[in-house]
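Coordinates from run.cif are shown below (mmCIF, C-alpha atoms).
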data_entry
loop_
_atom_site.label_atom_id
_atom_site.label_comp_id
_atom_site.auth_asym_id
_atom_site.auth_seq_id
_atom_site.Cartn_x
_atom_site.Cartn_y
_atom_site.Cartn_z
CA MET Z 206 -19.49 -6.83 -10.95
CA THR Z 207 -19.14 -7.65 -7.29
CA GLY Z 208 -20.96 -6.41 -4.21
CA PRO Z 209 -20.41 -4.84 -0.80
CA MET Z 210 -18.56 -6.79 1.87
CA VAL Z 211 -19.56 -7.26 5.48
CA ARG Z 212 -17.78 -5.43 8.28
CA GLY Z 213 -14.33 -6.61 9.34
CA TRP Z 214 -12.97 -7.62 5.93
CA CYS Z 215 -10.23 -5.79 4.08
CA PRO Z 216 -12.05 -3.72 1.46
CA ASP Z 217 -10.83 -2.45 -1.88
CA ALA Z 218 -12.49 -0.60 -4.72
CA TRP Z 219 -13.96 -3.78 -6.20
CA HIS Z 220 -15.20 -4.93 -2.78
CA PRO Z 221 -16.56 -1.98 -0.77
CA MET Z 222 -17.27 -2.48 2.90
CA ILE Z 223 -20.38 -1.50 4.80
CA ALA Z 224 -19.59 1.20 7.38
CA GLY Z 225 -21.70 3.38 9.64
CA ASP Z 226 -21.87 6.21 7.12
CA GLY Z 227 -22.46 4.10 4.00
CA LEU Z 228 -20.09 2.08 1.86
CA LEU Z 229 -16.33 2.50 2.24
CA MET Z 230 -14.13 2.13 -0.86
CA ARG Z 231 -10.36 1.85 -0.59
CA VAL Z 232 -7.99 3.25 -3.20
CA LYS Z 233 -4.37 2.07 -3.37
CA PRO Z 234 -2.27 4.65 -5.21
CA ARG Z 235 0.61 2.99 -7.05
CA LEU Z 236 3.89 3.75 -5.26
CA GLY Z 237 1.81 5.89 -2.90
CA ARG Z 238 1.58 8.64 -5.53
CA LEU Z 239 -1.28 10.41 -7.31
CA THR Z 240 -0.85 12.81 -10.20
CA ARG Z 241 -2.50 16.21 -10.10
CA ALA Z 242 -5.26 14.98 -12.42
CA GLN Z 243 -5.83 11.91 -10.24
CA VAL Z 244 -6.11 14.00 -7.07
CA LEU Z 245 -8.64 16.36 -8.62
CA GLY Z 246 -10.57 13.49 -10.19
CA LEU Z 247 -10.62 11.58 -6.90
CA CYS Z 248 -11.92 14.64 -5.04
CA ASP Z 249 -14.65 15.19 -7.62
CA ALA Z 250 -15.66 11.51 -7.40
CA ALA Z 251 -15.74 11.61 -3.58
CA ILE Z 252 -18.11 14.59 -3.71
CA ALA Z 253 -20.33 13.15 -6.45
CA HIS Z 254 -20.65 9.61 -5.10
CA GLY Z 255 -19.82 9.80 -1.38
CA ASN Z 256 -19.94 12.18 1.56
CA ALA Z 257 -16.76 14.00 0.43
CA LEU Z 258 -14.63 12.56 3.26
CA ILE Z 259 -11.28 11.00 2.38
CA ASP Z 260 -9.27 9.02 4.94
CA ILE Z 261 -5.62 8.00 4.90
CA THR Z 262 -4.90 4.52 6.25
CA ALA Z 263 -1.90 3.13 8.10
CA ARG Z 264 -0.74 1.60 4.79
CA ALA Z 265 -0.84 4.91 2.93
CA ASN Z 266 -4.05 4.05 1.10
CA LEU Z 267 -7.06 6.31 0.71
CA GLN Z 268 -10.63 5.56 1.70
CA LEU Z 269 -13.71 7.22 0.24
CA ARG Z 270 -16.59 7.27 2.69
CA GLY Z 271 -20.35 7.53 2.61
CA VAL Z 272 -20.70 5.90 -0.80
CA ARG Z 273 -24.31 5.12 -1.64
CA ASP Z 274 -25.42 1.59 -2.59
CA THR Z 275 -26.61 2.96 -5.92
CA GLY Z 276 -23.41 4.91 -6.56
CA TRP Z 277 -20.52 2.58 -5.90
CA GLN Z 278 -20.45 1.07 -9.41
CA ALA Z 279 -20.30 4.56 -10.94
CA LEU Z 280 -17.53 5.45 -8.50
CA LEU Z 281 -15.62 2.29 -9.41
CA ASP Z 282 -15.92 3.18 -13.10
CA ARG Z 283 -14.54 6.65 -12.37
CA LEU Z 284 -11.61 5.23 -10.41
CA LEU Z 285 -10.83 2.83 -13.25
CA THR Z 286 -10.84 5.74 -15.71
CA LEU Z 287 -8.44 7.63 -13.42
CA ASP Z 288 -6.14 4.55 -13.38
CA LEU Z 289 -6.36 4.39 -9.59
CA VAL Z 290 -7.75 0.85 -9.62
CA ASP Z 291 -6.59 -2.22 -11.53
CA GLY Z 292 -9.09 -3.60 -14.04
CA ASP Z 293 -8.51 -7.12 -12.70
CA PRO Z 294 -10.15 -7.53 -9.26
CA VAL Z 295 -7.67 -10.28 -8.31
CA ILE Z 296 -4.66 -8.08 -9.04
CA GLU Z 297 -6.24 -5.16 -7.23
CA GLN Z 298 -6.74 -7.32 -4.15
CA ARG Z 299 -3.07 -8.34 -4.22
CA ARG Z 300 -1.81 -4.78 -4.68
CA ASN Z 301 -0.97 -4.24 -1.01
CA ILE Z 302 2.44 -2.60 -1.31
CA LEU Z 303 3.70 0.01 1.13
CA VAL Z 304 6.73 1.85 -0.23
CA ALA Z 305 8.96 4.37 1.57
CA PRO Z 306 7.29 7.71 0.79
CA ASP Z 307 10.58 9.55 0.11
CA TRP Z 308 11.57 7.38 -2.87
CA ARG Z 309 13.29 8.99 -5.82
CA VAL Z 310 12.87 7.91 -9.43
CA GLY Z 311 15.34 5.10 -10.13
CA ASP Z 312 16.37 4.43 -6.53
CA ASP Z 313 16.05 0.99 -4.92
CA SER Z 314 12.62 1.58 -3.37
CA HIS Z 315 11.21 2.84 -6.69
CA ARG Z 316 12.89 0.06 -8.69
CA ILE Z 317 11.79 -2.81 -6.46
CA ALA Z 318 8.22 -1.62 -5.85
CA GLY Z 319 7.77 -0.93 -9.55
CA ALA Z 320 9.00 -4.40 -10.45
CA LEU Z 321 6.71 -6.03 -7.87
CA LEU Z 322 3.72 -4.21 -9.35
CA THR Z 323 4.37 -5.93 -12.70
CA ARG Z 324 4.50 -9.43 -11.16
CA LEU Z 325 1.46 -9.57 -8.89
CA ASP Z 326 -0.01 -12.31 -11.07
CA GLU Z 327 2.76 -14.61 -9.80
CA LEU Z 328 1.62 -14.38 -6.17
CA PRO Z 329 -0.46 -17.06 -4.46
CA ASP Z 330 -3.80 -16.26 -2.87
CA LEU Z 331 -3.07 -14.62 0.48
CA PRO Z 332 -5.27 -13.40 3.34
CA GLY Z 333 -6.71 -9.99 2.46
CA LYS Z 334 -4.87 -8.01 5.13
CA MET Z 335 -1.40 -9.24 4.12
CA GLY Z 336 1.00 -6.96 2.32
CA PHE Z 337 4.53 -6.06 1.25
CA VAL Z 338 6.85 -3.34 2.53
CA ILE Z 339 9.56 -1.88 0.30
CA ASP Z 340 11.79 0.21 2.57
CA ALA Z 341 15.05 0.51 0.66
CA GLY Z 342 16.01 4.14 1.23
CA ARG Z 343 19.22 5.20 2.96
CA ALA Z 344 17.49 4.59 6.30
CA CYS Z 345 14.38 2.59 7.17
CA ALA Z 346 11.33 4.84 6.99
CA LEU Z 347 8.72 2.13 7.60
CA HIS Z 348 10.19 0.03 10.39
CA GLY Z 349 7.16 0.54 12.64
CA GLU Z 350 4.58 0.00 9.90
CA VAL Z 351 2.80 -3.33 9.45
CA GLY Z 352 3.80 -5.49 6.49
CA ASP Z 353 4.34 -9.21 6.15
CA PHE Z 354 7.08 -9.57 3.53
CA ARG Z 355 9.74 -6.88 3.65
CA ILE Z 356 12.72 -5.59 1.69
CA GLU Z 357 14.76 -3.26 3.90
CA ARG Z 358 18.11 -1.51 4.08
CA ASP Z 359 20.47 -3.15 6.54
CA GLU Z 360 22.90 -1.52 8.95
CA LYS Z 361 25.81 -1.79 6.48
CA GLY Z 362 23.93 -0.41 3.49
CA GLY Z 363 22.91 -3.68 1.84
CA LEU Z 364 19.37 -4.95 1.24
CA ILE Z 365 17.69 -7.74 3.16
CA LEU Z 366 14.58 -9.87 2.88
CA ARG Z 367 12.83 -10.03 6.25
CA ALA Z 368 9.70 -11.88 7.31
CA ASP Z 369 7.57 -9.81 9.68
CA GLY Z 370 7.83 -11.07 13.25
CA HIS Z 371 11.51 -11.95 12.85
CA PRO Z 372 14.13 -9.42 14.03
CA GLY Z 373 16.61 -10.17 11.25
CA GLY Z 374 16.65 -11.16 7.62
CA VAL Z 375 18.89 -12.44 4.83
CA ALA Z 376 20.86 -10.55 2.20
CA VAL Z 377 19.33 -10.38 -1.27
CA VAL Z 378 21.13 -9.94 -4.58
CA ALA Z 379 20.38 -6.72 -6.43
CA GLY Z 380 17.75 -7.42 -9.06
CA GLN Z 381 16.46 -10.53 -7.29
CA GLU Z 382 14.48 -8.83 -4.52
CA VAL Z 383 11.09 -9.46 -6.12
CA ASP Z 384 11.98 -13.11 -6.76
CA ALA Z 385 12.68 -13.45 -3.04
CA LEU Z 386 9.42 -11.75 -2.01
CA ILE Z 387 7.35 -13.96 -4.29
CA ALA Z 388 9.15 -17.09 -3.08
CA LEU Z 389 8.51 -16.15 0.56
CA ALA Z 390 4.83 -15.54 -0.18
CA HIS Z 391 4.55 -18.98 -1.82
CA TRP Z 392 6.30 -20.60 1.15
CA PHE Z 393 3.84 -18.87 3.52
CA SER Z 394 0.88 -20.18 1.54
CA ALA Z 395 2.26 -23.71 1.16
CA SER Z 396 3.16 -23.98 4.85
CA GLY Z 397 -0.38 -23.27 6.06
CA GLY Z 398 0.06 -19.56 6.71
CA ALA Z 399 -3.51 -18.73 5.72
CA GLU Z 400 -4.72 -20.23 8.99
CA ALA Z 401 -2.51 -17.82 10.95
CA GLY Z 402 -3.61 -14.92 8.79
CA ARG Z 403 -0.40 -12.89 9.12
CA MET Z 404 3.31 -13.58 8.81
CA ALA Z 405 4.03 -12.44 12.37
CA ARG Z 406 1.52 -15.00 13.72
CA HIS Z 407 2.79 -17.89 11.61
CA THR Z 408 4.64 -20.27 13.92
CA VAL Z 409 6.18 -22.57 11.30
CA ALA Z 410 9.98 -22.19 11.08
CA LEU Z 411 11.17 -20.19 8.10
CA PRO Z 412 12.91 -22.07 5.28
CA GLU Z 413 16.70 -21.98 5.59
CA TRP Z 414 17.10 -19.64 2.62
CA ALA Z 415 14.89 -17.01 4.29
CA CYS Z 416 16.23 -17.34 7.84
CA GLY Z 417 18.93 -14.87 8.84
CA ASP Z 418 20.13 -12.47 11.51
CA ILE Z 419 21.00 -9.35 9.52
CA LEU Z 420 19.26 -6.45 11.26
CA PRO Z 421 17.54 -3.61 9.41
CA ALA Z 422 19.04 -0.14 9.60
CA PRO Z 423 17.90 2.21 12.36
CA SER Z 424 14.64 4.02 11.70
CA ALA Z 425 14.73 7.39 9.99
CA ALA Z 426 12.95 10.34 11.56
CA ARG Z 427 9.27 10.52 10.63
CA ILE Z 428 8.32 13.05 7.99
CA ALA Z 429 7.16 16.19 9.77
CA PRO Z 430 4.75 18.79 8.37
CA GLY Z 431 6.61 21.59 6.63
CA ILE Z 432 9.23 21.99 3.93
CA HIS Z 433 10.55 18.69 2.57
CA ASP Z 434 13.16 17.79 -0.05
CA LEU Z 435 10.33 16.67 -2.33
CA GLY Z 436 8.15 19.72 -1.78
CA TRP Z 437 5.88 20.35 1.19
CA ALA Z 438 4.56 17.90 3.77
CA TYR Z 439 1.04 18.32 5.16
CA GLY Z 440 -0.37 16.59 8.20
CA LEU Z 441 -4.05 15.61 8.35
CA PRO Z 442 -5.79 15.71 11.74
CA PHE Z 443 -7.07 12.21 12.53
CA GLY Z 444 -5.96 11.11 9.04
CA ARG Z 445 -8.95 12.69 7.30
CA ILE Z 446 -9.58 15.54 4.86
CA GLU Z 447 -12.63 16.88 3.06
CA ALA Z 448 -12.43 16.52 -0.71
CA PRO Z 449 -13.15 20.22 -1.46
CA ILE Z 450 -10.26 21.24 0.81
CA LEU Z 451 -7.83 18.81 -0.83
CA ALA Z 452 -8.93 19.95 -4.27
CA GLY Z 453 -8.47 23.57 -3.23
CA VAL Z 454 -4.94 22.90 -1.99
CA MET Z 455 -4.07 21.21 -5.25
CA GLU Z 456 -5.63 23.91 -7.43
CA GLY Z 457 -3.86 26.62 -5.43
CA SER Z 458 -0.42 25.10 -5.92
CA SER Z 459 1.86 24.25 -8.82
CA ALA Z 460 2.39 20.69 -7.55
CA GLY Z 461 2.30 17.94 -10.14
CA GLY Z 462 0.90 15.44 -7.67
CA VAL Z 463 0.97 14.18 -4.09
CA ARG Z 464 2.43 11.28 -2.17
CA ILE Z 465 0.71 9.52 0.68
CA SER Z 466 2.57 8.62 3.87
CA PRO Z 467 1.26 6.22 6.52
#
Write out the structure in this file as structure tokens.
Amino acid sequence: MTGPMVRGWCPDAWHPMIAGDGLLMRVKPRLGRLTRAQVLGLCDAAIAHGNALIDITARANLQLRGVRDTGWQALLDRLLTLDLVDGDPVIEQRRNILVAPDWRVGDDSHRIAGALLTRLDELPDLPGKMGFVIDAGRACALHGEVGDFRIERDEKGGLILRADGHPGGVAVVAGQEVDALIALAHWFSASGGAEAGRMARHTVALPEWACGDILPAPSAARIAPGIHDLGWAYGLPFGRIEAPILAGVMEGSSAGGVRISP
């Protein structure tokens, strides 16, 4: 068991953060997706153990607010049962992966992000706010979103590894994308990156194998509320929704789950 963190850290479910309305617990849905049962269970938990407010973050994570000091362990247990939190606190802390929200089963974004999820134990210790971006759709959907180590589609349709803060990247061989991400994370750690805190602020020159000038593809249009190829897109005012409303939307539809977009 661990305890609440002070303000200003990067919280997760194992390490809630003290906020003005109580404890804040962050949930990181795998591949940005929750099943129907997970959505309904999350809403029920937010009502039972918090103030029923759910936020969406810039990294497509969810935050449960107003959690009581005496209730966060019970909430954590519920999230573990729902398979929304990893049972290993170290792995949960490393599970900062933002994936293009329009991925399809078996496509490059789905394949690479899924493979990275299975190899988080190979990563070094990194500053808590650092994360990965997997943006391997036909166009870049996450070009403006923050992420330190990136796999992106390039202008000619190939895939590149790009370090945040650098305009271009290097080509990666299909099937070796996760190897490249892990290697870049180890280089960052070994070269003193923790002091900088983020890849974009790290002033040490990249290793030759990670230094390139291949530009990512132009950005795709942002997902707009309304009909979408994958179903229906909803926008949340100020990135927040009340749990009973979200549960009602889910119960009133035939949807098998939801995806979270930054």
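From CA of Ser466 in chain Z back to CA of Ala438 in chain Z, the distance works out to 9.5 Å.
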Determine the residue membership of the PyMOL selection byres ((chain Z and resi 254) around 10) for the file above and supply it as a PyMOL selection string.
chain Z and resi 249-253+255-257+269-281+283
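Between CA of Val290 in chain Z and CA of Pro234 in chain Z lies a distance of 8.0 Å.
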I want to know what sits within 12 Å of range 306-311 of chain Z, based on only C-alpha atoms, with residues of the same chain fewer than 5 positions away left out; could you give that as a PDB file with C-alpha atoms, in the coordinates of the input?
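The resulting file, selection_27.pdb, is shown below:
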ATOM      1  CA  PRO Z 234      -2.270   4.650  -5.210  1.00  0.00           C
ATOM      2  CA  ARG Z 235       0.610   2.990  -7.050  1.00  0.00           C
ATOM      3  CA  LEU Z 236       3.890   3.750  -5.260  1.00  0.00           C
ATOM      4  CA  GLY Z 237       1.810   5.890  -2.900  1.00  0.00           C
ATOM      5  CA  ARG Z 238       1.580   8.640  -5.530  1.00  0.00           C
ATOM      6  CA  ARG Z 264      -0.740   1.600   4.790  1.00  0.00           C
ATOM      7  CA  ALA Z 265      -0.840   4.910   2.930  1.00  0.00           C
ATOM      8  CA  ASN Z 266      -4.050   4.050   1.100  1.00  0.00           C
ATOM      9  CA  ARG Z 316      12.890   0.060  -8.690  1.00  0.00           C
ATOM     10  CA  ILE Z 317      11.790  -2.810  -6.460  1.00  0.00           C
ATOM     11  CA  ALA Z 318       8.220  -1.620  -5.850  1.00  0.00           C
ATOM     12  CA  GLY Z 319       7.770  -0.930  -9.550  1.00  0.00           C
ATOM     13  CA  ALA Z 320       9.000  -4.400 -10.450  1.00  0.00           C
ATOM     14  CA  VAL Z 338       6.850  -3.340   2.530  1.00  0.00           C
ATOM     15  CA  ILE Z 339       9.560  -1.880   0.300  1.00  0.00           C
ATOM     16  CA  ASP Z 340      11.790   0.210   2.570  1.00  0.00           C
ATOM     17  CA  ALA Z 341      15.050   0.510   0.660  1.00  0.00           C
ATOM     18  CA  GLY Z 342      16.010   4.140   1.230  1.00  0.00           C
ATOM     19  CA  ARG Z 343      19.220   5.200   2.960  1.00  0.00           C
ATOM     20  CA  ALA Z 344      17.490   4.590   6.300  1.00  0.00           C
ATOM     21  CA  CYS Z 345      14.380   2.590   7.170  1.00  0.00           C
ATOM     22  CA  ALA Z 346      11.330   4.840   6.990  1.00  0.00           C
ATOM     23  CA  LEU Z 347       8.720   2.130   7.600  1.00  0.00           C
ATOM     24  CA  ALA Z 425      14.730   7.390   9.990  1.00  0.00           C
ATOM     25  CA  ALA Z 426      12.950  10.340  11.560  1.00  0.00           C
ATOM     26  CA  ARG Z 427       9.270  10.520  10.630  1.00  0.00           C
ATOM     27  CA  ILE Z 428       8.320  13.050   7.990  1.00  0.00           C
ATOM     28  CA  HIS Z 433      10.550  18.690   2.570  1.00  0.00           C
ATOM     29  CA  ASP Z 434      13.160  17.790  -0.050  1.00  0.00           C
ATOM     30  CA  LEU Z 435      10.330  16.670  -2.330  1.00  0.00           C
ATOM     31  CA  GLY Z 436       8.150  19.720  -1.780  1.00  0.00           C
ATOM     32  CA  TRP Z 437       5.880  20.350   1.190  1.00  0.00           C
ATOM     33  CA  ALA Z 438       4.560  17.900   3.770  1.00  0.00           C
ATOM     34  CA  VAL Z 463       0.970  14.180  -4.090  1.00  0.00           C
ATOM     35  CA  ARG Z 464       2.430  11.280  -2.170  1.00  0.00           C
ATOM     36  CA  ILE Z 465       0.710   9.520   0.680  1.00  0.00           C
ATOM     37  CA  SER Z 466       2.570   8.620   3.870  1.00  0.00           C
ATOM     38  CA  PRO Z 467       1.260   6.220   6.520  1.00  0.00           C
TER      39      PRO Z 467
END
Given the file shown, determine the residues that the PyMOL selection byres ((chain Z and resi 359) around 9) selects; report them as a compact mmCIF listing (two decimals) with C-alpha atoms, keeping the file's coordinate frame.
# COMPACT_ATOMS: atom_id res chain seq x y z
CA ALA Z 341 15.05 0.51 0.66
CA ALA Z 344 17.49 4.59 6.30
CA CYS Z 345 14.38 2.59 7.17
CA GLU Z 357 14.76 -3.26 3.90
CA ARG Z 358 18.11 -1.51 4.08
CA GLU Z 360 22.90 -1.52 8.95
CA LYS Z 361 25.81 -1.79 6.48
CA GLY Z 362 23.93 -0.41 3.49
CA GLY Z 363 22.91 -3.68 1.84
CA LEU Z 364 19.37 -4.95 1.24
CA ILE Z 365 17.69 -7.74 3.16
CA GLY Z 374 16.65 -11.16 7.62
CA ALA Z 376 20.86 -10.55 2.20
CA ILE Z 419 21.00 -9.35 9.52
CA LEU Z 420 19.26 -6.45 11.26
CA PRO Z 421 17.54 -3.61 9.41
CA ALA Z 422 19.04 -0.14 9.60
CA PRO Z 423 17.90 2.21 12.36
Let me know the residues the PyMOL selection byres ((chain Z and resi 408) around 12) catches in the file above, as an NGL selection string.
:Z and (368-371 or 393 or 396-407 or 409-411)
Selected residue of minimal separation from Ala385 in chain Z among Z:Met222, Z:Leu321, Z:Ala429, Z:Ile296, counting all atoms listed in the file
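Nearest to Ala385 in chain Z: Z:Leu321.
Minimum atom-to-atom distance to His315 in chain Z, evaluated using all atoms listed in the file, belongs to Z:Leu303 out of Z:Leu303, Z:Cys248, Z:Leu441, Z:Met230.
CA of Pro216 in chain Z sits 23.0 Å away from CA of Leu451 in chain Z.
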Would you list the contacts of Glu456 in chain Z as a PyMOL selection string, taking every protein, DNA or RNA residue within 10 Å and counting all atoms listed in the file, but skipping same-chain residues closer than 5 positions in sequence?
chain Z and resi 241+244-245+450-451
For Val454 in chain Z, which residue among Z:Asp260, Z:Asp282, Z:Glu327, Z:Tyr439 is the nearest when counting only C-alpha atoms?
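Comparing Z:Asp260, Z:Asp282, Z:Glu327, Z:Tyr439 against Val454 in chain Z, the winner is Z:Tyr439.
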For Leu287 in chain Z, please output as number ranges by chain all residues within 8 Å (counting only C-alpha atoms; exclusion window: fewer than 2 positions along the same chain).
Z: 243, 246-247, 283-285, 289-290
Compile the contact shell of Ile302 in chain Z as a list in words: residues with an atom at most 6 Å away, counting only C-alpha atoms, same-chain residues fewer than 2 positions apart removed.
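The filter keeps Arg300, Gly336, Phe337 and Val338 of chain Z.
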Please give the centre and size of the box around range 389-397 of chain Z (axis-aligned, containing every atom listed in the file, 8 Å added per side), with values in Å to one decimal and written as AutoDock Vina command-line options.
--center_x 4.1 --center_y -19.8 --center_z 2.1 --size_x 24.9 --size_y 24.4 --size_z 23.9
Sel. within 8 Å of pt (-4.1, -15.8, 1.3), counting only C-alpha atoms, output as a PyMOL selection string:
chain Z and resi 329-333+335+394+398-399+402
Could you pull the residues within 8 Å of Asp217 in chain Z, counting only C-alpha atoms, minus those fewer than 4 positions along the same chain, as number ranges by chain?
Z: 221, 230-232, 297-298
Check the smallest atom-to-atom distance from each of Z:Ile223, Z:Ala395, Z:Ile259, Z:Thr240 to Phe443 in chain Z using all atoms listed in the file, then report the winner.
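Checking each of Z:Ile223, Z:Ala395, Z:Ile259, Z:Thr240 against Phe443 in chain Z, counting all atoms listed in the file, the winner is Z:Ile259.
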Only C-alpha atoms, please: range 353-376 of chain Z from the block, as a compact mmCIF listing (two decimals), in the first residue's frame.
# COMPACT_ATOMS: atom_id res chain seq x y z
CA ASP Z 353 8.73 12.25 -25.29
CA PHE Z 354 9.43 9.15 -27.39
CA ARG Z 355 7.37 8.90 -30.56
CA ILE Z 356 6.58 6.47 -33.37
CA GLU Z 357 4.92 8.36 -36.22
CA ARG Z 358 3.93 7.99 -39.86
CA ASP Z 359 6.23 9.90 -42.18
CA GLU Z 360 5.34 11.88 -45.29
CA LYS Z 361 6.01 8.91 -47.60
CA GLY Z 362 4.02 6.38 -45.59
CA GLY Z 363 6.85 4.80 -43.60
CA LEU Z 364 7.30 4.82 -39.82
CA ILE Z 365 9.83 6.89 -37.92
CA LEU Z 366 11.23 7.10 -34.41
CA ARG Z 367 11.31 10.73 -33.28
CA ALA Z 368 12.54 12.27 -30.05
CA ASP Z 369 10.28 15.09 -28.87
CA GLY Z 370 11.86 18.48 -29.45
CA HIS Z 371 13.45 17.36 -32.73
CA PRO Z 372 11.64 18.15 -36.00
CA GLY Z 373 12.65 14.92 -37.74
CA GLY Z 374 13.32 11.31 -36.94
CA VAL Z 375 14.80 8.10 -38.32
CA ALA Z 376 13.15 5.23 -40.18
